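Colleague: Attaching a single structure in structure tokens format; questions to follow.
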Amino acid sequence: MAEIVTLAEAVSEFVRDGQTVALEGFTHLIPHAAGHEVIRQGRRDLTLVRMTPDVIYDQMIGMGCARKLIFSWGGNPGVGSLHRFRDAVEHDWPAPLEIEEHSHAGMAAAYVAGASNLPFGTLRAYGGSDLAPHTRVASITCPFTGEELAAVPAIRPDVGIVHAQQADEQGNVQLWGIIGVQKEVLLASHRSIVTVEEIVPELELRPGGVIIPGWAIGAVSVAAGGAHPSYAHSYYERDNAFYVAWDEISRDRDTFTEWMQRHVLDVGATA
Amino acid sequence: MAEIVTLAEAVSEFVRDGQTVALEGFTHLIPHAAGHEVIRQGRRDLTLVRMTPDVIYDQMIGMGCARKLIFSWGGNPGVGSLHRFRDAVEHDWPAPLEIEEHSHAGMAAAYVAGASNLPFGTLRAYGGSDLAPHTRVASITCPFTGEELAAVPAIRPDVGIVHAQQADEQGNVQLWGIIGVQKEVLLASHRSIVTVEEIVPELELRPGGVIIPGWAIGAVSVAAGGAHPSYAHSYYERDNAFYVAWDEISRDRDTFTEWMQRHVLDVGATA
Amino acid sequence: MSSNGHRPYTSDEMMVVAAARRIVNGTVCFVGIGLPSTAANLALRTHAPECVLIYESGTIGTKPSRLPLSIGDGELAETARAVVSVPEIFGYWLQGGRIDVGFLGAAQIDRFGNLNSTVIGDYDHPKVRLPGGGGAPEIAGQAKEVYVLARQTPRSFVEQLDFRTSVGQGDGPGSRERLGFPGAGVTVVITDLGVLEPDPETRELTLTQIFPGVDSAAAVAATGWPLQVARDLVAVDQPTADELAALRALETAK
Amino acid sequence: MSSNGHRPYTSDEMMVVAAARRIVNGTVCFVGIGLPSTAANLALRTHAPECVLIYESGTIGTKPSRLPLSIGDGELAETARAVVSVPEIFGYWLQGGRIDVGFLGAAQIDRFGNLNSTVIGDYDHPKVRLPGGGGAPEIAGQAKEVYVLARQTPRSFVEQLDFRTSVGQGDGPGSRERLGFPGAGVTVVITDLGVLEPDPETRELTLTQIFPGVDSAAAVAATGWPLQVARDLVAVDQPTADELAALRALETAK
């Protein structure tokens with residue numbers, strides 16, 4: 001059964017330097033609060049996994065948490081580039097960033113394989129693309145038809161972290177709206193942390209709701225507003241203005257560093 | 001967009017002798033009305049696919065619709081044997097029945113592969129079992145770890161048939177309760193028929209509800225009570241007494257034939 | 001034990017109670033219909049209120065108020081913590097390695113706890129065609145442990161299976177490891193006479209516990225292979241009044 | 001055409017209108033954010049009310065009242081016919097072969113409609129690191145057709161891609177067949193100057209339609225390879241008053 005602890009406790013108990021850590025949430029329920037806590041606790045040399053590294057990974061990369069990034073699309077959605085991500089890849093600042101790049105379909109198949117305890121996922125992909133020689137993909141032959149398909153290695157993070165709307169006292173979790181790959185990353189990871197908007201006495205299944213039983217989760221922590229500037233369906237909307245503002249904040253190394261100091265490092269986990 | 005027609009029209013338009021036809025519904029929403037219509041229209045030489053052939057397949061096999069059965073568990077749930085299925089396998093009555101037998105996990109993976117337009121599904125299965133030499137399974141090696149896993153050929157029925165609770169006028173379908181493999185069989189099949197309890201003006205997403213867009217479905221037909229003696233969650237309960245009674249009805253060839261004549265052949269599709 | 005030392009109960013009741021007693025609170029159980037479902041639900045209602053019942057129909061954490069006749073009864077979905085698709089229950093949950101104990105029955109079982117639920121006689125020309133494996137082969141392969149419930153007779157506890165549907169201890173020591181199965185396989189067989197467990201060395205099922213009013217000779221006579229009997233054979237307590245009351249309430253609930 | 005023959009509009013508006021006009025009612029569209037999303041939503045609001053908009057975030061049949069800034073805006077989920085997981089949208093729906101038209105943009109496009117959205121310069125030592133492929137490579141491979149929207153400049157319409165992220169017509173005739181791609185690949189590129197389509201023989205993108213006030217020389221000058229111009233070059237009608245009104249209502253909706 002999931003232990004219900006503070007986010008600071010969950011991160012310090014589960015997240016270690018050098019681990020493979022996936023913070024997921026596909027354009028919704030992005031676990032910003034948890035990412036900020038990882039930054040505050042000064043984790044280093046992480047292999048960060050995420051289909052769509054956006055602002056939260058730009059911050060973690062810019063603050064030097066990451067040694068490697070496994071991803072399929074890295075940008076500021078609807079705005080443009082991730083300047084800290086680009087600075088790391090283009091100029092090794094603050095540290096060199098090794099990348100393992102996939103397509104969305106490849107990452108999704110790799111998470112499904114991980115959740116299913118299979119060593120690889122199979123899909124029709126990568127053919128004719130220049131990505132194949134730069135990433136971990138192999139060819140696999142159908143034993144019945146002889147067709148050649150692509151195989152991607154399963155993703156099995158040491159720690160998977162997602163944000164959801166609700167949990168109950170037993171740590172059972174419900175999320176709804178765009179559900180992304182949250183279930184897959186939780187089940188693919190060896191240990192998992194779920195931050196939630198609130199803990200409710202009784203989880204009532206919503207239309208479109210996905211429930212993850214508490215016994216399949218490591219720790220649950222309350223982080224109201226923990227997805228901001230992303231959004232939590234039925235709780236608050238996406239802060240589109242912040243995504244636009246981030247373009248300016250993140251463009252310059254000093255502006256970025258000052259902003260992170262003031263808005264993340266100097267702020268407690270409960271804020 | 002799905003055409004909304006009578007069940008008799010849907011079956012006569014889509015189902016042809018010699019085709020591979022899957023009627024699914026895992027212990028819930030079993031499409032009995034559709035199976036009866038296939039029997040009434042006298043379809044022959046079908047390859048019938050179903051994870052859990054139970055009473056409806058016992059009836060279709062006993063009435064001579066099937067040449068082959070692809071399945072993973074064939075019994076009368078909670079009661080015992082399927083006497084018509086056994087008579088066909090053990091004594092070739094009314095016709096010899098070729099069988100391709102899998103485990104539930106194998107069938108599920110084969111449907112997922114079919115729905116995903118992949119030629120095979122991968123799973124950890126069949127090892128050490130006597131089933132492997134009697135069925136279609138192959139060994140496949142992980143290109144990353146060298147592990148040996150099982151591969152099953154994708155199931156791509158000519159026609160997939162399921163029963164659901166509701167559709168709207170555009171043929172969008174919603175089912176809820178135990179959802180089984182209904183979505184997978186609909187998406188794995190070249191053409192599909194969905195029978196529903198009722199057509200509603202507006203589909204309202206339920207907790208646990210699964211919606212299949214009408215444009216991904218071939219035909220939708222109203223068949224109120226169409227799952228009986230199985231059940232339709234929120235509409236009617238499982239007729240457990242009938243499953244018990246079927247053991248007696250189906251034990252004897254003549255009793256069975258008379259029962260089918262009176263309750264299926266002499267009855268119209270609308271009943 | 002109850003105050004009343006002598007109490008009538010059936011051998012099936014003793015079997016179900018003995019199975020339920022083995023379920024530790026919090027255990028994640030993958031259960032089929034029949035005696036296994038009864039045993040798991042009895043545990044849930046007595047000493048193991050937090051054990052998690054999963055049925056292959058996709059219902060997770062179900063707490064049925066009455067015993068289901070089929071693994072897909074609406075009651076299971078209505079009382080479940082979550083309902084998932086059949087591909088997901090086998091892929092993410094069973095194969096995913098999240099099941100502590102899988103419960104199985106069978107028409108035939110051999111000395112290594114391998115199970116036959118497919119056919120009696122030759123596969124292509126069967127004497128009796130049984131329902132088949134269903135979820136059993138993967139439950140046997142991937143649950144961390146497997147408990148088997150079966151009435152003990154020479155016809156069902158056989159020297160040689162007609163067909164191996166599900167692997168218990170395979171061909172003995174090292175067999176499961178060679179097959180790459182993560183789980184421990186069949187770790188206990190609970191019958192209407194007593195309890196059999198694999199010998200630590202030989203992996204062969206050995207009579208380790210005996211039910212009240214049964215002697216080991218009866219168990220040996222009911223077994224199609226020369227059944228080994230543990231030197232320290234344990235006498236099992238008869239069902240307590242509370243266990244019987246809970247079990248009978250469960251079975252009469254409509 | 002509207003009563004008013006002369007009407008000011010931007011080249012982006014012309015591009016979006018031209019793209020929307022190609023969407024036949026009932027088409028199942030897999031759309032990304034930006035101009036493609038605008039074009040698909042314009043079609044939905046004008047001549048193609050039954051076209052189905054699918055976003056890679058898992059929203060199927062969405063009818064947003066305002067244009068989303070990200071492909072995962074809550075508006076998309078709220079107005080969707082169905083919301084599915086990301087693995088399902090790519091596995092069952094895109095790879096499943098259910099997408100009629102996929103819309104893509106890119107930083108670079110070559111004469112065969114191959115696309116680069118990964119990197120400018122060398123992959124390991126990039127001059128500009130772009131976001132990457134995301135859903136594009138599989139959309140390009142598996143949608144029945146792909147429409148590309150891109151502003152036409154010599155920097156983006158290049159002789160040689162720095163990196164091939166997504167395959168259009170590959171290396172020309174037979175290329176997609178050899179790669180085993182089911183879809184037809186890029187069948188049209190709509191720019192701010194006109195419309196390019198693959199030549200039936202050479203598969204090379206050829207200027208087939210030109211927008212009002214643009215001449216083919218301008219399109220050739222804006223292309224990094226020697227752009228072929230169709231002999232029967234079609235002059236595209238300017239946006240109608242209704243099209244412009246619908247487009248501007250869409251863009252100003254909050």
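Residues are named by chain letter and number: chains run A, B, ... in the order of the structure tokens, numbers start at 1 in each chain, and ligands are numbered from 1 in the order shown.
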Tell me, which residues of stretch 89-147 of chain A carry DSSP alpha helix (DSSP H), written as a ChimeraX atom specification?
Modeller: /A:89-91,104-115
Colleague: Distance limit 8 Å, atoms considered: only C-alpha atoms. Which chain C residues sit that close to chain A? Return them as a short mmCIF file (atom, residue, chain, number, x, y, z; two decimals) with C-alpha atoms, in the first residue's frame.
Modeller:
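And here's part.cif as it stands now:
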```cif
data_model
loop_
_atom_site.label_atom_id
_atom_site.label_comp_id
_atom_site.auth_asym_id
_atom_site.auth_seq_id
_atom_site.Cartn_x
_atom_site.Cartn_y
_atom_site.Cartn_z
CA ARG C 81 -11.60 -0.76 -7.03
CA ALA C 82 -10.82 -0.66 -10.75
CA GLY C 91 -0.23 -7.79 -19.62
CA TYR C 92 0.24 -5.08 -17.00
CA TRP C 93 -0.89 -6.97 -13.88
CA GLN C 95 2.79 -10.62 -16.60
CA GLY C 96 3.79 -7.34 -14.98
CA GLY C 97 4.67 -9.38 -11.88
CA ARG C 98 2.13 -7.85 -9.50
#
```
Colleague: Would you list the contacts of A:Leu149 as a PDB file with C-alpha atoms, in the first residue's frame, taking every protein, DNA or RNA residue within 8 Å and counting only C-alpha atoms, but skipping same-chain residues closer than 2 positions in sequence?
Modeller:
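Contents of the output file part.pdb:
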```
ATOM      1  CA  THR A 122       7.419  -3.864 -31.348  1.00  0.00           C
ATOM      2  CA  LEU A 123       6.136  -1.222 -33.747  1.00  0.00           C
ATOM      3  CA  ARG A 124       6.176  -0.013 -37.338  1.00  0.00           C
ATOM      4  CA  ALA A 125       8.638   2.835 -37.056  1.00  0.00           C
ATOM      5  CA  SER A 139      15.033  -4.765 -36.382  1.00  0.00           C
ATOM      6  CA  ILE A 140      12.865  -7.758 -35.543  1.00  0.00           C
ATOM      7  CA  THR A 141      11.351 -10.277 -37.934  1.00  0.00           C
ATOM      8  CA  CYS A 142       7.802 -11.603 -37.604  1.00  0.00           C
ATOM      9  CA  GLU A 147       7.898  -8.894 -42.027  1.00  0.00           C
ATOM     10  CA  ALA A 151      11.929  -3.146 -31.690  1.00  0.00           C
TER      11      ALA A 151
END
```
Colleague: Which of these residues is nearest to C:Ser65, using only C-alpha atoms: C:Thr191, C:Pro200, C:Thr79, C:Glu243?
Modeller: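 Closest to C:Ser65, using only C-alpha atoms: C:Thr79.
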Colleague: Identify which of the residues C:Glu50, C:Asp124, C:Asp232, C:Asp215 lies closest to C:Gly194, counting only C-alpha atoms when measuring atom-to-atom distances.
Modeller: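 Among C:Glu50, C:Asp124, C:Asp232, C:Asp215, it is C:Asp215 that comes nearest to C:Gly194.
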Colleague: Need the shell around B:Pro201: protein/DNA/RNA residues with any atom at most 9 Å away, counting only C-alpha atoms. Skip same-chain ones fewer than 3 positions apart. Format as a PDB file with N, CA, C and O atoms, in the first residue's frame?
Modeller:
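Full text of out-v1.pdb as output:
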```pdb
ATOM      1  N   ALA B 167     -25.827   3.144 -28.238  1.00  0.00           N
ATOM      2  CA  ALA B 167     -25.265   3.849 -29.376  1.00  0.00           C
ATOM      3  C   ALA B 167     -26.058   5.141 -29.558  1.00  0.00           C
ATOM      4  O   ALA B 167     -27.149   5.286 -29.014  1.00  0.00           O
ATOM      5  N   ASP B 168     -25.490   6.092 -30.300  1.00  0.00           N
ATOM      6  CA  ASP B 168     -26.275   7.274 -30.672  1.00  0.00           C
ATOM      7  C   ASP B 168     -26.604   7.181 -32.170  1.00  0.00           C
ATOM      8  O   ASP B 168     -26.236   6.210 -32.830  1.00  0.00           O
ATOM      9  N   GLU B 169     -27.288   8.187 -32.706  1.00  0.00           N
ATOM     10  CA  GLU B 169     -27.727   8.112 -34.108  1.00  0.00           C
ATOM     11  C   GLU B 169     -26.569   8.075 -35.094  1.00  0.00           C
ATOM     12  O   GLU B 169     -26.723   7.638 -36.231  1.00  0.00           O
TER      13      GLU B 169
END
```
Colleague: Tell me, in Å to one decimal, how far atom CA of A:Ile30 is from atom CA of A:Gln174.
Modeller: 14.9 Å
Colleague: When distances are computed from only C-alpha atoms, which of A:Pro157, A:Pro119, A:Gly180, A:Gly128 shows the smallest separation from chain B?
Modeller: A:Pro119
Colleague: When DSSP is applied to the backbone of this structure, which of stretch 99-266 of chain A are assigned strand (DSSP E or B)? Write them out as a ChimeraX atom specification.
Modeller: /A:99-101,120-123,138-141,148-153,159-167,173-175,191-199,207,210-212,219-222,232,236
Colleague: For the residues in the current selection, export C-alpha atoms as a PDB file, in the first residue's frame.
Modeller:
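Final output, part10.pdb:
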```pdb
ATOM      1  CA  ILE A  99      20.610  12.197 -25.426  1.00  0.00           C
ATOM      2  CA  GLU A 100      18.712   9.071 -26.457  1.00  0.00           C
ATOM      3  CA  GLU A 101      16.023  10.181 -28.857  1.00  0.00           C
ATOM      4  CA  PHE A 120      11.151  -4.848 -25.817  1.00  0.00           C
ATOM      5  CA  GLY A 121       8.220  -3.323 -27.665  1.00  0.00           C
ATOM      6  CA  THR A 122       7.419  -3.864 -31.348  1.00  0.00           C
ATOM      7  CA  LEU A 123       6.136  -1.222 -33.747  1.00  0.00           C
ATOM      8  CA  ALA A 138      16.674  -2.870 -33.570  1.00  0.00           C
ATOM      9  CA  SER A 139      15.033  -4.765 -36.382  1.00  0.00           C
ATOM     10  CA  ILE A 140      12.865  -7.758 -35.543  1.00  0.00           C
ATOM     11  CA  THR A 141      11.351 -10.277 -37.934  1.00  0.00           C
ATOM     12  CA  GLU A 148      10.639  -6.664 -40.630  1.00  0.00           C
ATOM     13  CA  LEU A 149       9.521  -4.439 -37.758  1.00  0.00           C
ATOM     14  CA  ALA A 150      11.210  -2.125 -35.276  1.00  0.00           C
ATOM     15  CA  ALA A 151      11.929  -3.146 -31.690  1.00  0.00           C
ATOM     16  CA  VAL A 152      12.581  -0.641 -28.915  1.00  0.00           C
ATOM     17  CA  PRO A 153      14.046  -1.563 -25.521  1.00  0.00           C
ATOM     18  CA  VAL A 159      11.560   5.937 -10.149  1.00  0.00           C
ATOM     19  CA  GLY A 160       8.428   7.031 -11.991  1.00  0.00           C
ATOM     20  CA  ILE A 161       6.754  10.280 -10.940  1.00  0.00           C
ATOM     21  CA  VAL A 162       3.331  11.572 -12.013  1.00  0.00           C
ATOM     22  CA  HIS A 163       0.785  14.084 -10.813  1.00  0.00           C
ATOM     23  CA  ALA A 164      -2.903  13.209 -10.410  1.00  0.00           C
ATOM     24  CA  GLN A 165      -6.048  14.928  -9.202  1.00  0.00           C
ATOM     25  CA  GLN A 166      -7.008  12.757  -6.239  1.00  0.00           C
ATOM     26  CA  ALA A 167      -5.961  10.029  -3.837  1.00  0.00           C
ATOM     27  CA  VAL A 173      -5.118   7.383  -7.046  1.00  0.00           C
ATOM     28  CA  GLN A 174      -7.495   8.735  -9.685  1.00  0.00           C
ATOM     29  CA  LEU A 175      -6.676  10.922 -12.672  1.00  0.00           C
ATOM     30  CA  ARG A 191       9.360   2.604  -7.454  1.00  0.00           C
ATOM     31  CA  SER A 192       6.835   5.386  -7.949  1.00  0.00           C
ATOM     32  CA  ILE A 193       5.714   8.704  -6.499  1.00  0.00           C
ATOM     33  CA  VAL A 194       2.328  10.262  -7.217  1.00  0.00           C
ATOM     34  CA  THR A 195       1.644  13.863  -6.242  1.00  0.00           C
ATOM     35  CA  VAL A 196      -2.032  14.785  -5.999  1.00  0.00           C
ATOM     36  CA  GLU A 197      -4.142  17.931  -5.825  1.00  0.00           C
ATOM     37  CA  GLU A 198      -5.959  16.582  -2.779  1.00  0.00           C
ATOM     38  CA  ILE A 199      -6.713  13.541  -0.656  1.00  0.00           C
ATOM     39  CA  PRO A 207     -16.209   9.489 -16.463  1.00  0.00           C
ATOM     40  CA  VAL A 210      -8.299   6.030 -14.399  1.00  0.00           C
ATOM     41  CA  ILE A 211      -7.720   4.501 -10.976  1.00  0.00           C
ATOM     42  CA  ILE A 212      -4.353   3.090  -9.893  1.00  0.00           C
ATOM     43  CA  ALA A 219       4.392   6.978  -2.217  1.00  0.00           C
ATOM     44  CA  VAL A 220       1.617   9.529  -2.498  1.00  0.00           C
ATOM     45  CA  SER A 221       2.186  13.189  -1.589  1.00  0.00           C
ATOM     46  CA  VAL A 222      -0.187  16.127  -1.579  1.00  0.00           C
ATOM     47  CA  ALA A 232      -5.075  19.715 -13.652  1.00  0.00           C
ATOM     48  CA  TYR A 236      -7.117  24.711 -12.795  1.00  0.00           C
TER      49      TYR A 236
END
```
Colleague: Please provide the set of residues having any atom within 12 Å of D:Asp162, restricted to only C-alpha atoms, with same-chain residues fewer than 3 positions apart removed, written as number ranges by chain.
Modeller: A: 129-131; D: 107-110, 114-130, 155-159, 165
Colleague: Can you work out the spacing between atom CA of B:Ile70 and atom CA of B:Gly18 in Å, to one decimal?
Modeller: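 Spanning atom CA of B:Ile70 to atom CA of B:Gly18 is a straight-line distance of 14.1 Å.
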Colleague: Hey, which of D:Val83, D:Ile210, D:Gly72, D:Ala140 ends up closest to D:Thr59? Count only C-alpha atoms.
Modeller: D:Val83
Colleague: To one decimal in Å, tell me the separation between atom CA of D:Arg22 and atom CA of D:Gly132.
Modeller: 27.2 Å
Colleague: Which of these, C:Val16, C:Val236, C:Arg164, C:Ile89, has the shortest distance to B:His134 once you count only C-alpha atoms?
Modeller: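 Among C:Val16, C:Val236, C:Arg164, C:Ile89, it is C:Arg164 that comes nearest to B:His134.
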Colleague: When you look at D:Ala221 with a cut-off of 10 Å (counting only C-alpha atoms), what residues show up, excluding the ones that are within fewer than 4 positions of it in the same chain? I need them as a list in words.
Modeller: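 The neighbour list is Gln152, Thr153, Pro154, Ser216, Ala217, Trp225, Pro226 and Leu227 of chain D.
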Colleague: Compare B:Arg44, B:Arg156, B:His83, B:His91 by their minimum atom-to-atom distance to B:Ala66, counting only C-alpha atoms, and give me the closest one.
Modeller: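 Among the listed residues, B:Arg44 lies closest to B:Ala66.
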